[in-house]
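Enquirer: Take this structure first; my questions come after.
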Amino acid sequence: MKIVKNFVVPVILISLAASGIIFLLFKMGTFDALELKTLDLRFITRGEREYKNENARDVVKIVGIDAKSIEEVGRWPWPRGVIGELVYGICGDGGMGVGSDSDAGWEDAGDDEGWEDAPDDEGWEDVPGEESVETGDAAGTADDNGTAQAEEESTETAKPIGKHRVAGIDILFDRAERDYSKYLYRKGSMMDPAQQDAMAVEALDLCDSVVQISLLKWADEGVNVGRGDRSAEHVMNGAKVIYNTPLPNFRTPNSSLGTANMQPSRFDERVRKARMYYKFDNEEGYIYPFALASLASFLGVDQKDIIVREGKYVRVGEYTIPVDKNGDIYINYRGKEYEPDKDGNVNKDNILSALDVMQTPEMIPMMMQGNYIFLVGVTDPDIKDIFYTPFAQAQSTYPNNAILNGIEIHKAIIDTILQGDYLHDVSPATVFIFIFAAAAVVTILTLIRLWLGALGMVAIGAAHFYYAVTAFNSSGAIYPVFSVIIVLPVCSLRRFSIAISSSTKRKTVLKKRSEVMSRRTCSPN
């Protein structure tokens, strides 16, 4: 009974009290800023992530409006006539190999001057189609007489992921009138706005599927919805929201919308999560982000057929996306798959320069046949469409992962969904168990010896962090780190208070004893 009273009961009470307080603070979000820092450290410790599904790693291509494009074409933003030519390079006869057999509809925008250098279709029959992927070559083996015997060529049919080639346009069709004559078929600096509209709409019509951006602006932050857009006021979660959409003449039958809103953390402006759906209070249905809308078009899923179970999951075709209570997912950044040159430009398969697409529109079908998602967006860092990622804390170690353009964030979201490699917070019950277990162990050690408790705090803290990193790398589980570590010194407070109290009492007793002895010595007989 004495052991139970002096040891077991204090351990249980102290552990419950400490873990309860810390868990309550954790649920209130008191430690969110610190927990996010530990999450970033896990990203940095893990480094670049390997792709689980190699068949899906190359389906997203970025058409970047990079520094050399802006230097050659003209300052940003470009008018819709130039954007129309860029889209034509992706979707037109030279870009996708689909659409009309002639340039019908483009003659009003000018002649074909500047396109005469583009090669004809000679030699296209040698380009392999999307039906099969070569896995073996016919090989010859020499026998003793020096003769070769041919082995049969083997092919393996690749399962197609997407049903459409998608042009996702993460830019607004600006109506500015500036001198872009070189890329407006040399029609002069002030081409008729109606002609520019016709050029852009004609290019969009040639696309198999188009996703255009929309934006959400909360009314109390100002109504800045961009030029050339139509907006409407709605209510979301009790707050007024301005939702802008492209002008009606750019809403072609093959187009859909996706919100381009990012979610930087309020603590440090890093983008760690992405919202998978929005819902206005005064309307039925959902609004989906640009990345999800582009993926749905790629999979041949109409947005009305996307299944949403709020706070649980979003289902797009065969892909089920687990979401948290707010409808968010963590972006599982994998890092850039390319290295920029000394001028900041890149020339790799998954990122194309807008200038190259406009100057040589035959490059896309030559390089990439089949269904892809082409994301068109700004990649010139001077335009400042840039966001910090969890790798920002180690920018010198991961310079290509620390800061990404908006269009690269959208690609990272699509890659996360296609790979099915999701990150997830552990359940609240699991969090409490970890906090209570750490509290109980440290309380026991501290009640035995103070130095033993201090040693236990260091050991348990290090072990838990190692476990959190391992779980993050292996299964994507996000365990709280700071909330578990902070409970350790809290559990030692009682033992320290007892030691201080005992020391104080001992000093008081010694002082009184000294006073008594002094009086006895000094008093007369």
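Simple scheme: letters A, B, ... for chains in structure tokens order, numbers from 1 for residues in each chain, numbers from 1 for ligands in the order shown.
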Skipping near chain neighbours, those fewer than 4 positions away, what residues fall within 9 Å of Ala219 in chain A using only C-alpha atoms, listed as a ChimeraX atom specification?

Expert: /A:223,233,239-242

Enquirer: Take the selection from the previous step and output its residues with C-alpha atoms, as a PDB file, in the first residue's frame.

Expert:
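Result file follows (result_20.pdb):
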ATOM      1  CA  VAL A 223     -11.785  42.690 -54.962  1.00  0.00           C
ATOM      2  CA  GLU A 233     -20.099  37.401 -55.189  1.00  0.00           C
ATOM      3  CA  ALA A 239     -17.816  34.921 -45.483  1.00  0.00           C
ATOM      4  CA  LYS A 240     -18.270  36.799 -48.741  1.00  0.00           C
ATOM      5  CA  VAL A 241     -16.138  35.469 -51.583  1.00  0.00           C
ATOM      6  CA  ILE A 242     -15.469  36.882 -55.030  1.00  0.00           C
TER       7      ILE A 242
END

Enquirer: Please list as a PyMOL selection string every residue within 8 Å of range 13-22 of chain A, counting only C-alpha atoms and excluding residues in the same chain fewer than 4 positions away.

Expert: chain A and resi 9+26+432+435-436+439-440+443+483+486-487+490-491+494

Enquirer: Which neighbours of Val210 in chain A fall inside 6 Å, counting only C-alpha atoms, when residues of the same chain fewer than 5 positions from it are skipped, and could you give them as a list in words?

Expert: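 The residues that qualify are Val166, Ala167, Gly168 and Ser255 of chain A.
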
Enquirer: Identify, on the basis of only C-alpha atoms, every residue whose closest approach to Asn53 in chain A does not exceed 12 Å; exclude the query and any residue fewer than 5 positions from it along the same chain; express the result as a short mmCIF file (atom, residue, chain, number, x, y, z; two decimals) with N, CA and C atoms, in the first residue's frame.

Expert:
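And here's selection_21.cif as it stands now:
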data_model
loop_
_atom_site.label_atom_id
_atom_site.label_comp_id
_atom_site.auth_asym_id
_atom_site.auth_seq_id
_atom_site.Cartn_x
_atom_site.Cartn_y
_atom_site.Cartn_z
N ASP A 58 5.62 10.70 -65.84
CA ASP A 58 5.91 11.63 -66.92
C ASP A 58 4.66 12.14 -67.63
N VAL A 59 3.49 11.99 -67.03
CA VAL A 59 2.27 12.38 -67.74
C VAL A 59 2.01 13.88 -67.65
N ILE A 161 -3.05 5.57 -68.87
CA ILE A 161 -3.59 6.18 -67.66
C ILE A 161 -4.70 7.16 -68.01
N ASP A 415 1.01 14.94 -59.23
CA ASP A 415 1.92 13.81 -59.00
C ASP A 415 1.57 13.07 -57.71
N THR A 416 1.22 13.82 -56.67
CA THR A 416 0.86 13.19 -55.40
C THR A 416 -0.35 12.27 -55.58
N ILE A 417 -1.33 12.73 -56.35
CA ILE A 417 -2.55 11.93 -56.56
C ILE A 417 -2.26 10.73 -57.45
N LEU A 418 -1.54 10.94 -58.55
CA LEU A 418 -1.25 9.84 -59.47
C LEU A 418 -0.40 8.76 -58.81
N GLN A 419 0.51 9.17 -57.94
CA GLN A 419 1.37 8.20 -57.26
C GLN A 419 0.65 7.52 -56.09
N GLY A 420 -0.41 8.16 -55.58
CA GLY A 420 -1.11 7.59 -54.43
C GLY A 420 -0.26 7.52 -53.19
N ASP A 421 0.75 8.37 -53.13
CA ASP A 421 1.71 8.35 -52.02
C ASP A 421 1.36 9.49 -51.06
#

Enquirer: Which residues, written as a ChimeraX atom specification, have at least one atom at most 6 Å from range 384-394 of chain A, with only C-alpha atoms counted and residues fewer than 4 positions away on the same chain left out?

Expert: /A:40,44,270-271,401-406

Enquirer: As an mmCIF file with all heavy atoms, in the first residue's frame, please: every residue in range 300-494 of chain A that DSSP puts in strand (DSSP E or B).

Expert:
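And here's selection26.cif as it stands now:
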data_model
loop_
_atom_site.group_PDB
_atom_site.id
_atom_site.type_symbol
_atom_site.label_atom_id
_atom_site.label_comp_id
_atom_site.auth_asym_id
_atom_site.auth_seq_id
_atom_site.Cartn_x
_atom_site.Cartn_y
_atom_site.Cartn_z
ATOM 1 N N ILE A 307 -16.863 12.399 -57.013
ATOM 2 C CA ILE A 307 -17.580 12.066 -55.771
ATOM 3 C C ILE A 307 -16.843 12.698 -54.593
ATOM 4 O O ILE A 307 -15.637 12.491 -54.427
ATOM 5 C CB ILE A 307 -17.681 10.540 -55.589
ATOM 6 C CG1 ILE A 307 -18.437 9.915 -56.763
ATOM 7 C CG2 ILE A 307 -18.353 10.206 -54.260
ATOM 8 C CD1 ILE A 307 -18.451 8.395 -56.731
ATOM 9 N N VAL A 308 -17.570 13.452 -53.787
ATOM 10 C CA VAL A 308 -16.998 14.112 -52.614
ATOM 11 C C VAL A 308 -17.694 13.608 -51.357
ATOM 12 O O VAL A 308 -18.925 13.666 -51.259
ATOM 13 C CB VAL A 308 -17.131 15.644 -52.709
ATOM 14 C CG1 VAL A 308 -16.622 16.304 -51.423
ATOM 15 C CG2 VAL A 308 -16.366 16.182 -53.910
ATOM 16 N N ARG A 309 -16.941 13.105 -50.415
ATOM 17 C CA ARG A 309 -17.421 12.791 -49.070
ATOM 18 C C ARG A 309 -16.652 13.719 -48.141
ATOM 19 O O ARG A 309 -15.494 13.460 -47.818
ATOM 20 C CB ARG A 309 -17.184 11.329 -48.724
ATOM 21 C CG ARG A 309 -17.971 10.365 -49.588
ATOM 22 C CD ARG A 309 -19.466 10.464 -49.318
ATOM 23 N NE ARG A 309 -20.232 9.538 -50.149
ATOM 24 C CZ ARG A 309 -20.806 9.857 -51.304
ATOM 25 N NH1 ARG A 309 -20.662 11.091 -51.776
ATOM 26 N NH2 ARG A 309 -21.489 8.984 -51.996
ATOM 27 N N TYR A 313 -13.019 11.746 -48.217
ATOM 28 C CA TYR A 313 -12.278 11.484 -49.452
ATOM 29 C C TYR A 313 -12.945 12.175 -50.632
ATOM 30 O O TYR A 313 -14.104 12.602 -50.575
ATOM 31 C CB TYR A 313 -12.169 9.977 -49.726
ATOM 32 C CG TYR A 313 -13.484 9.275 -49.959
ATOM 33 C CD1 TYR A 313 -14.097 9.265 -51.229
ATOM 34 C CD2 TYR A 313 -14.149 8.610 -48.931
ATOM 35 C CE1 TYR A 313 -15.304 8.633 -51.440
ATOM 36 C CE2 TYR A 313 -15.352 7.961 -49.137
ATOM 37 C CZ TYR A 313 -15.926 7.969 -50.396
ATOM 38 O OH TYR A 313 -17.127 7.344 -50.615
ATOM 39 N N VAL A 314 -12.173 12.261 -51.716
ATOM 40 C CA VAL A 314 -12.658 12.712 -53.016
ATOM 41 C C VAL A 314 -12.286 11.628 -54.010
ATOM 42 O O VAL A 314 -11.140 11.181 -54.045
ATOM 43 C CB VAL A 314 -12.022 14.058 -53.434
ATOM 44 C CG1 VAL A 314 -12.465 14.452 -54.840
ATOM 45 C CG2 VAL A 314 -12.373 15.152 -52.436
ATOM 46 N N ARG A 315 -13.236 11.202 -54.838
ATOM 47 C CA ARG A 315 -12.979 10.121 -55.786
ATOM 48 C C ARG A 315 -13.106 10.648 -57.209
ATOM 49 O O ARG A 315 -14.133 11.195 -57.606
ATOM 50 C CB ARG A 315 -13.944 8.961 -55.567
ATOM 51 C CG ARG A 315 -13.685 7.752 -56.476
ATOM 52 C CD ARG A 315 -14.526 6.573 -56.047
ATOM 53 N NE ARG A 315 -14.138 6.124 -54.709
ATOM 54 C CZ ARG A 315 -14.960 5.480 -53.883
ATOM 55 N NH1 ARG A 315 -16.204 5.236 -54.232
ATOM 56 N NH2 ARG A 315 -14.528 5.113 -52.688
ATOM 57 N N VAL A 316 -12.026 10.473 -57.972
ATOM 58 C CA VAL A 316 -11.992 10.870 -59.379
ATOM 59 C C VAL A 316 -11.655 9.627 -60.188
ATOM 60 O O VAL A 316 -10.507 9.174 -60.215
ATOM 61 C CB VAL A 316 -10.932 11.959 -59.630
ATOM 62 C CG1 VAL A 316 -10.994 12.438 -61.068
ATOM 63 C CG2 VAL A 316 -11.120 13.127 -58.686
ATOM 64 N N TYR A 319 -9.260 6.871 -58.819
ATOM 65 C CA TYR A 319 -8.390 7.448 -57.799
ATOM 66 C C TYR A 319 -9.217 7.972 -56.623
ATOM 67 O O TYR A 319 -10.098 8.818 -56.799
ATOM 68 C CB TYR A 319 -7.543 8.579 -58.386
ATOM 69 C CG TYR A 319 -6.525 8.105 -59.389
ATOM 70 C CD1 TYR A 319 -6.874 7.909 -60.718
ATOM 71 C CD2 TYR A 319 -5.214 7.827 -59.011
ATOM 72 C CE1 TYR A 319 -5.949 7.465 -61.648
ATOM 73 C CE2 TYR A 319 -4.276 7.380 -59.933
ATOM 74 C CZ TYR A 319 -4.655 7.194 -61.246
ATOM 75 O OH TYR A 319 -3.744 6.747 -62.164
ATOM 76 N N THR A 320 -8.931 7.463 -55.437
ATOM 77 C CA THR A 320 -9.574 7.918 -54.212
ATOM 78 C C THR A 320 -8.563 8.723 -53.409
ATOM 79 O O THR A 320 -7.492 8.214 -53.053
ATOM 80 C CB THR A 320 -10.086 6.737 -53.377
ATOM 81 O OG1 THR A 320 -11.044 5.996 -54.147
ATOM 82 C CG2 THR A 320 -10.760 7.235 -52.106
ATOM 83 N N ILE A 321 -8.917 9.964 -53.112
ATOM 84 C CA ILE A 321 -7.999 10.896 -52.462
ATOM 85 C C ILE A 321 -8.461 11.116 -51.023
ATOM 86 O O ILE A 321 -9.496 11.746 -50.793
ATOM 87 C CB ILE A 321 -7.976 12.238 -53.213
ATOM 88 C CG1 ILE A 321 -7.723 12.012 -54.712
ATOM 89 C CG2 ILE A 321 -6.950 13.181 -52.615
ATOM 90 C CD1 ILE A 321 -8.020 13.226 -55.557
ATOM 91 N N PRO A 322 -7.750 10.605 -50.024
ATOM 92 C CA PRO A 322 -8.140 10.844 -48.630
ATOM 93 C C PRO A 322 -7.871 12.289 -48.239
ATOM 94 O O PRO A 322 -6.779 12.812 -48.486
ATOM 95 C CB PRO A 322 -7.256 9.877 -47.841
ATOM 96 C CG PRO A 322 -6.057 9.667 -48.719
ATOM 97 C CD PRO A 322 -6.536 9.764 -50.137
ATOM 98 N N ASP A 328 -8.408 19.030 -47.226
ATOM 99 C CA ASP A 328 -7.032 19.263 -47.663
ATOM 100 C C ASP A 328 -6.251 17.955 -47.749
ATOM 101 O O ASP A 328 -6.567 16.976 -47.069
ATOM 102 C CB ASP A 328 -6.305 20.194 -46.696
ATOM 103 C CG ASP A 328 -6.930 21.582 -46.633
ATOM 104 O OD1 ASP A 328 -7.627 21.952 -47.597
ATOM 105 O OD2 ASP A 328 -6.723 22.282 -45.625
ATOM 106 N N ILE A 329 -5.204 17.982 -48.575
ATOM 107 C CA ILE A 329 -4.198 16.925 -48.572
ATOM 108 C C ILE A 329 -2.825 17.579 -48.434
ATOM 109 O O ILE A 329 -2.641 18.744 -48.793
ATOM 110 C CB ILE A 329 -4.228 16.078 -49.859
ATOM 111 C CG1 ILE A 329 -3.842 16.932 -51.087
ATOM 112 C CG2 ILE A 329 -5.572 15.405 -50.052
ATOM 113 C CD1 ILE A 329 -3.582 16.110 -52.331
ATOM 114 N N TYR A 330 -1.884 16.832 -47.875
ATOM 115 C CA TYR A 330 -0.498 17.282 -47.885
ATOM 116 C C TYR A 330 0.078 17.057 -49.281
ATOM 117 O O TYR A 330 -0.203 16.042 -49.930
ATOM 118 C CB TYR A 330 0.335 16.503 -46.871
ATOM 119 C CG TYR A 330 0.119 16.902 -45.440
ATOM 120 C CD1 TYR A 330 -0.689 16.141 -44.602
ATOM 121 C CD2 TYR A 330 0.722 18.029 -44.909
ATOM 122 C CE1 TYR A 330 -0.887 16.499 -43.275
ATOM 123 C CE2 TYR A 330 0.533 18.398 -43.586
ATOM 124 C CZ TYR A 330 -0.277 17.635 -42.782
ATOM 125 O OH TYR A 330 -0.479 17.990 -41.470
ATOM 126 N N LYS A 348 14.440 19.882 -70.699
ATOM 127 C CA LYS A 348 14.229 18.489 -70.383
ATOM 128 C C LYS A 348 12.830 18.082 -70.839
ATOM 129 O O LYS A 348 12.004 18.906 -71.223
ATOM 130 C CB LYS A 348 14.384 18.238 -68.879
ATOM 131 C CG LYS A 348 15.804 18.500 -68.363
ATOM 132 C CD LYS A 348 16.813 17.513 -68.931
ATOM 133 C CE LYS A 348 18.204 17.772 -68.379
ATOM 134 N NZ LYS A 348 19.194 16.831 -68.903
ATOM 135 N N ILE A 351 9.605 19.694 -68.994
ATOM 136 C CA ILE A 351 9.356 21.125 -69.010
ATOM 137 C C ILE A 351 9.794 21.671 -70.361
ATOM 138 O O ILE A 351 10.896 21.397 -70.835
ATOM 139 C CB ILE A 351 10.071 21.861 -67.856
ATOM 140 C CG1 ILE A 351 9.715 23.348 -67.882
ATOM 141 C CG2 ILE A 351 11.564 21.651 -67.883
ATOM 142 C CD1 ILE A 351 10.022 24.074 -66.585
ATOM 143 N N LEU A 352 8.900 22.408 -71.007
ATOM 144 C CA LEU A 352 9.129 22.956 -72.333
ATOM 145 C C LEU A 352 9.062 24.471 -72.250
ATOM 146 O O LEU A 352 8.265 25.026 -71.499
ATOM 147 C CB LEU A 352 8.075 22.442 -73.318
ATOM 148 C CG LEU A 352 7.837 20.926 -73.332
ATOM 149 C CD1 LEU A 352 6.601 20.608 -74.161
ATOM 150 C CD2 LEU A 352 9.046 20.203 -73.868
ATOM 151 N N SER A 353 9.871 25.123 -73.035
ATOM 152 C CA SER A 353 9.838 26.576 -73.087
ATOM 153 C C SER A 353 8.703 27.023 -73.996
ATOM 154 O O SER A 353 8.513 26.479 -75.094
ATOM 155 C CB SER A 353 11.165 27.114 -73.593
ATOM 156 O OG SER A 353 11.079 28.503 -73.855
ATOM 157 N N ILE A 373 -0.859 15.765 -69.684
ATOM 158 C CA ILE A 373 -1.393 17.019 -69.138
ATOM 159 C C ILE A 373 -0.331 18.086 -69.363
ATOM 160 O O ILE A 373 0.759 18.012 -68.781
ATOM 161 C CB ILE A 373 -1.715 16.894 -67.640
ATOM 162 C CG1 ILE A 373 -2.721 15.778 -67.385
ATOM 163 C CG2 ILE A 373 -2.252 18.220 -67.102
ATOM 164 C CD1 ILE A 373 -2.970 15.506 -65.909
ATOM 165 N N PHE A 374 -0.624 19.046 -70.222
ATOM 166 C CA PHE A 374 0.289 20.152 -70.470
ATOM 167 C C PHE A 374 -0.155 21.341 -69.615
ATOM 168 O O PHE A 374 -1.219 21.919 -69.851
ATOM 169 C CB PHE A 374 0.282 20.541 -71.953
ATOM 170 C CG PHE A 374 0.842 19.484 -72.857
ATOM 171 C CD1 PHE A 374 0.016 18.553 -73.450
ATOM 172 C CD2 PHE A 374 2.202 19.420 -73.101
ATOM 173 C CE1 PHE A 374 0.526 17.575 -74.286
ATOM 174 C CE2 PHE A 374 2.725 18.439 -73.929
ATOM 175 C CZ PHE A 374 1.888 17.508 -74.525
ATOM 176 N N LEU A 375 0.636 21.677 -68.616
ATOM 177 C CA LEU A 375 0.320 22.799 -67.739
ATOM 178 C C LEU A 375 1.078 24.032 -68.218
ATOM 179 O O LEU A 375 2.310 24.039 -68.248
ATOM 180 C CB LEU A 375 0.701 22.478 -66.289
ATOM 181 C CG LEU A 375 -0.018 21.295 -65.641
ATOM 182 C CD1 LEU A 375 0.457 21.122 -64.203
ATOM 183 C CD2 LEU A 375 -1.527 21.472 -65.679
ATOM 184 N N VAL A 376 0.334 25.063 -68.604
ATOM 185 C CA VAL A 376 0.924 26.293 -69.122
ATOM 186 C C VAL A 376 0.949 27.321 -68.003
ATOM 187 O O VAL A 376 -0.105 27.666 -67.436
ATOM 188 C CB VAL A 376 0.113 26.830 -70.320
ATOM 189 C CG1 VAL A 376 0.771 28.087 -70.886
ATOM 190 C CG2 VAL A 376 -0.023 25.756 -71.397
ATOM 191 N N GLY A 377 2.128 27.825 -67.676
ATOM 192 C CA GLY A 377 2.220 28.806 -66.600
ATOM 193 C C GLY A 377 3.559 29.506 -66.602
ATOM 194 O O GLY A 377 4.476 29.158 -67.347
ATOM 195 N N VAL A 378 3.671 30.504 -65.740
ATOM 196 C CA VAL A 378 4.880 31.322 -65.656
ATOM 197 C C VAL A 378 5.952 30.589 -64.859
ATOM 198 O O VAL A 378 5.687 30.074 -63.764
ATOM 199 C CB VAL A 378 4.569 32.679 -65.004
ATOM 200 C CG1 VAL A 378 5.839 33.474 -64.783
ATOM 201 C CG2 VAL A 378 3.583 33.473 -65.861
ATOM 202 N N ILE A 386 6.023 32.709 -57.238
ATOM 203 C CA ILE A 386 6.852 31.722 -56.561
ATOM 204 C C ILE A 386 6.336 31.486 -55.138
ATOM 205 O O ILE A 386 5.743 32.364 -54.519
ATOM 206 C CB ILE A 386 8.337 32.152 -56.523
ATOM 207 C CG1 ILE A 386 8.481 33.539 -55.886
ATOM 208 C CG2 ILE A 386 8.928 32.132 -57.919
ATOM 209 C CD1 ILE A 386 9.919 34.009 -55.763
ATOM 210 N N PHE A 387 6.595 30.285 -54.653
ATOM 211 C CA PHE A 387 6.116 29.881 -53.330
ATOM 212 C C PHE A 387 7.199 29.070 -52.627
ATOM 213 O O PHE A 387 7.961 28.324 -53.258
ATOM 214 C CB PHE A 387 4.840 29.044 -53.454
ATOM 215 C CG PHE A 387 3.693 29.765 -54.083
ATOM 216 C CD1 PHE A 387 3.509 29.729 -55.461
ATOM 217 C CD2 PHE A 387 2.801 30.496 -53.311
ATOM 218 C CE1 PHE A 387 2.464 30.395 -56.056
ATOM 219 C CE2 PHE A 387 1.749 31.171 -53.903
ATOM 220 C CZ PHE A 387 1.581 31.122 -55.280
ATOM 221 N N TYR A 388 7.241 29.204 -51.306
ATOM 222 C CA TYR A 388 8.173 28.429 -50.497
ATOM 223 C C TYR A 388 7.581 27.054 -50.210
ATOM 224 O O TYR A 388 6.378 26.908 -50.019
ATOM 225 C CB TYR A 388 8.488 29.147 -49.187
ATOM 226 C CG TYR A 388 9.260 30.429 -49.359
ATOM 227 C CD1 TYR A 388 8.616 31.652 -49.335
ATOM 228 C CD2 TYR A 388 10.637 30.411 -49.552
ATOM 229 C CE1 TYR A 388 9.315 32.839 -49.496
ATOM 230 C CE2 TYR A 388 11.356 31.582 -49.719
ATOM 231 C CZ TYR A 388 10.684 32.792 -49.691
ATOM 232 O OH TYR A 388 11.377 33.954 -49.862
ATOM 233 N N ILE A 403 12.059 26.636 -53.506
ATOM 234 C CA ILE A 403 11.118 27.629 -54.025
ATOM 235 C C ILE A 403 10.623 27.146 -55.382
ATOM 236 O O ILE A 403 11.432 26.879 -56.278
ATOM 237 C CB ILE A 403 11.779 29.016 -54.167
ATOM 238 C CG1 ILE A 403 12.318 29.473 -52.807
ATOM 239 C CG2 ILE A 403 10.795 30.033 -54.708
ATOM 240 C CD1 ILE A 403 13.098 30.774 -52.875
ATOM 241 N N LEU A 404 9.317 27.026 -55.543
ATOM 242 C CA LEU A 404 8.727 26.557 -56.790
ATOM 243 C C LEU A 404 7.772 27.599 -57.347
ATOM 244 O O LEU A 404 7.170 28.378 -56.596
ATOM 245 C CB LEU A 404 7.975 25.247 -56.583
ATOM 246 C CG LEU A 404 8.786 24.031 -56.111
ATOM 247 C CD1 LEU A 404 7.870 22.831 -55.964
ATOM 248 C CD2 LEU A 404 9.925 23.717 -57.066
ATOM 249 N N ASN A 405 7.612 27.582 -58.671
ATOM 250 C CA ASN A 405 6.599 28.407 -59.297
ATOM 251 C C ASN A 405 5.220 27.803 -59.051
ATOM 252 O O ASN A 405 5.085 26.612 -58.748
ATOM 253 C CB ASN A 405 6.849 28.491 -60.806
ATOM 254 C CG ASN A 405 8.185 29.146 -61.128
ATOM 255 O OD1 ASN A 405 8.346 30.342 -60.964
ATOM 256 N ND2 ASN A 405 9.144 28.350 -61.569
ATOM 257 N N HIS A 424 -0.326 11.681 -44.115
ATOM 258 C CA HIS A 424 -1.519 11.798 -43.285
ATOM 259 C C HIS A 424 -1.144 11.967 -41.820
ATOM 260 O O HIS A 424 -0.154 11.385 -41.351
ATOM 261 C CB HIS A 424 -2.422 10.561 -43.435
ATOM 262 C CG HIS A 424 -1.747 9.281 -43.048
ATOM 263 N ND1 HIS A 424 -0.911 8.576 -43.898
ATOM 264 C CD2 HIS A 424 -1.770 8.560 -41.891
ATOM 265 C CE1 HIS A 424 -0.464 7.502 -43.295
ATOM 266 N NE2 HIS A 424 -0.956 7.466 -42.079
ATOM 267 N N ASP A 425 -1.918 12.773 -41.127
ATOM 268 C CA ASP A 425 -1.747 12.920 -39.678
ATOM 269 C C ASP A 425 -2.280 11.678 -38.981
ATOM 270 O O ASP A 425 -3.304 11.102 -39.389
ATOM 271 C CB ASP A 425 -2.496 14.151 -39.175
ATOM 272 C CG ASP A 425 -1.908 15.446 -39.709
ATOM 273 O OD1 ASP A 425 -0.717 15.681 -39.499
ATOM 274 O OD2 ASP A 425 -2.665 16.216 -40.338
ATOM 275 N N ALA A 477 3.105 8.642 -42.472
ATOM 276 C CA ALA A 477 2.428 9.008 -41.224
ATOM 277 C C ALA A 477 3.138 10.192 -40.575
ATOM 278 O O ALA A 477 4.358 10.210 -40.456
ATOM 279 C CB ALA A 477 2.396 7.819 -40.267
ATOM 280 N N ILE A 478 2.356 11.181 -40.158
ATOM 281 C CA ILE A 478 2.911 12.378 -39.532
ATOM 282 C C ILE A 478 2.581 12.346 -38.044
ATOM 283 O O ILE A 478 1.442 12.598 -37.640
ATOM 284 C CB ILE A 478 2.354 13.654 -40.190
ATOM 285 C CG1 ILE A 478 2.693 13.657 -41.686
ATOM 286 C CG2 ILE A 478 2.927 14.895 -39.513
ATOM 287 C CD1 ILE A 478 2.106 14.833 -42.433
#

Enquirer: Taking only C-alpha atoms into account, name the residue in A:Gly64, A:Val484, A:Lys312, A:Leu247 that is nearest to Glu408 in chain A.

Expert: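 Checking each of A:Gly64, A:Val484, A:Lys312, A:Leu247 against Glu408 in chain A, counting only C-alpha atoms, the winner is A:Gly64.
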
Enquirer: Name the residues of range 162-318 of chain A that come out as alpha helix (DSSP H) in a backbone DSSP run; write them as an MDAnalysis selection string.

Expert: chainID A and resid 193:206 290:299

Enquirer: Hey, what's within 9 Å of Asp205 in chain A if we count only C-alpha atoms and toss same-chain stuff fewer than 2 positions away? As a compact mmCIF listing (two decimals) with N, CA and C atoms, in the first residue's frame, please?

Expert:
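Contents of the output file part.txt:
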# COMPACT_ATOMS: atom_id res chain seq x y z
N CYS A 91 -2.11 22.43 -79.08
CA CYS A 91 -3.35 21.75 -79.45
C CYS A 91 -3.61 21.69 -80.95
N GLY A 99 -7.61 17.80 -84.53
CA GLY A 99 -8.29 19.04 -84.87
C GLY A 99 -8.59 19.10 -86.35
N ALA A 200 -7.42 33.23 -80.09
CA ALA A 200 -7.39 32.47 -78.83
C ALA A 200 -8.49 31.42 -78.79
N VAL A 201 -9.70 31.79 -79.19
CA VAL A 201 -10.83 30.86 -79.14
C VAL A 201 -10.62 29.72 -80.13
N GLU A 202 -10.09 30.04 -81.31
CA GLU A 202 -9.83 29.00 -82.31
C GLU A 202 -8.83 27.98 -81.76
N ALA A 203 -7.78 28.47 -81.09
CA ALA A 203 -6.78 27.56 -80.51
C ALA A 203 -7.40 26.70 -79.43
N CYS A 207 -8.21 22.13 -78.95
CA CYS A 207 -7.74 21.27 -77.86
C CYS A 207 -8.74 20.16 -77.58
N ASP A 208 -8.21 19.01 -77.22
CA ASP A 208 -9.05 17.90 -76.80
C ASP A 208 -9.81 18.27 -75.53
N SER A 209 -9.09 18.85 -74.59
CA SER A 209 -9.70 19.29 -73.33
C SER A 209 -8.87 20.44 -72.79
N VAL A 210 -9.56 21.46 -72.26
CA VAL A 210 -8.90 22.66 -71.74
C VAL A 210 -9.38 22.92 -70.32
N THR A 252 -15.03 27.81 -74.05
CA THR A 252 -15.35 26.92 -75.16
C THR A 252 -16.01 25.63 -74.64
N PRO A 253 -16.72 24.89 -75.52
CA PRO A 253 -17.41 23.67 -75.07
C PRO A 253 -16.50 22.62 -74.45
N ASN A 254 -15.23 22.61 -74.84
CA ASN A 254 -14.31 21.59 -74.31
C ASN A 254 -13.55 22.07 -73.08
N SER A 255 -13.96 23.20 -72.52
CA SER A 255 -13.20 23.76 -71.40
C SER A 255 -13.93 23.58 -70.08

Enquirer: Grab the CA of Tyr88 in chain A to CA of Phe250 in chain A distance for me, in Å with one decimal place.

Expert: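 We find that CA of Tyr88 in chain A and CA of Phe250 in chain A lie 14.3 Å from each other.
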
Enquirer: Could you name the residues that touch Ser231 in chain A at 8 Å or less, counting only C-alpha atoms, but leaving out those on the same chain fewer than 4 positions away, as a list in words?

Expert: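 Within the cut-off, the hits are Val225, Ile242, Tyr243, Asn244 and Thr245 of chain A.
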
Enquirer: What separation in Å, quoted to one decimal, exists between CA of Leu299 in chain A and CA of Leu257 in chain A?

Expert: 15.4 Å

Enquirer: Could you tell me which of A:Ala459, A:Ile383, A:Val73, A:Ala198 comes closest to Gln359 in chain A if we count only C-alpha atoms?

Expert: A:Val73
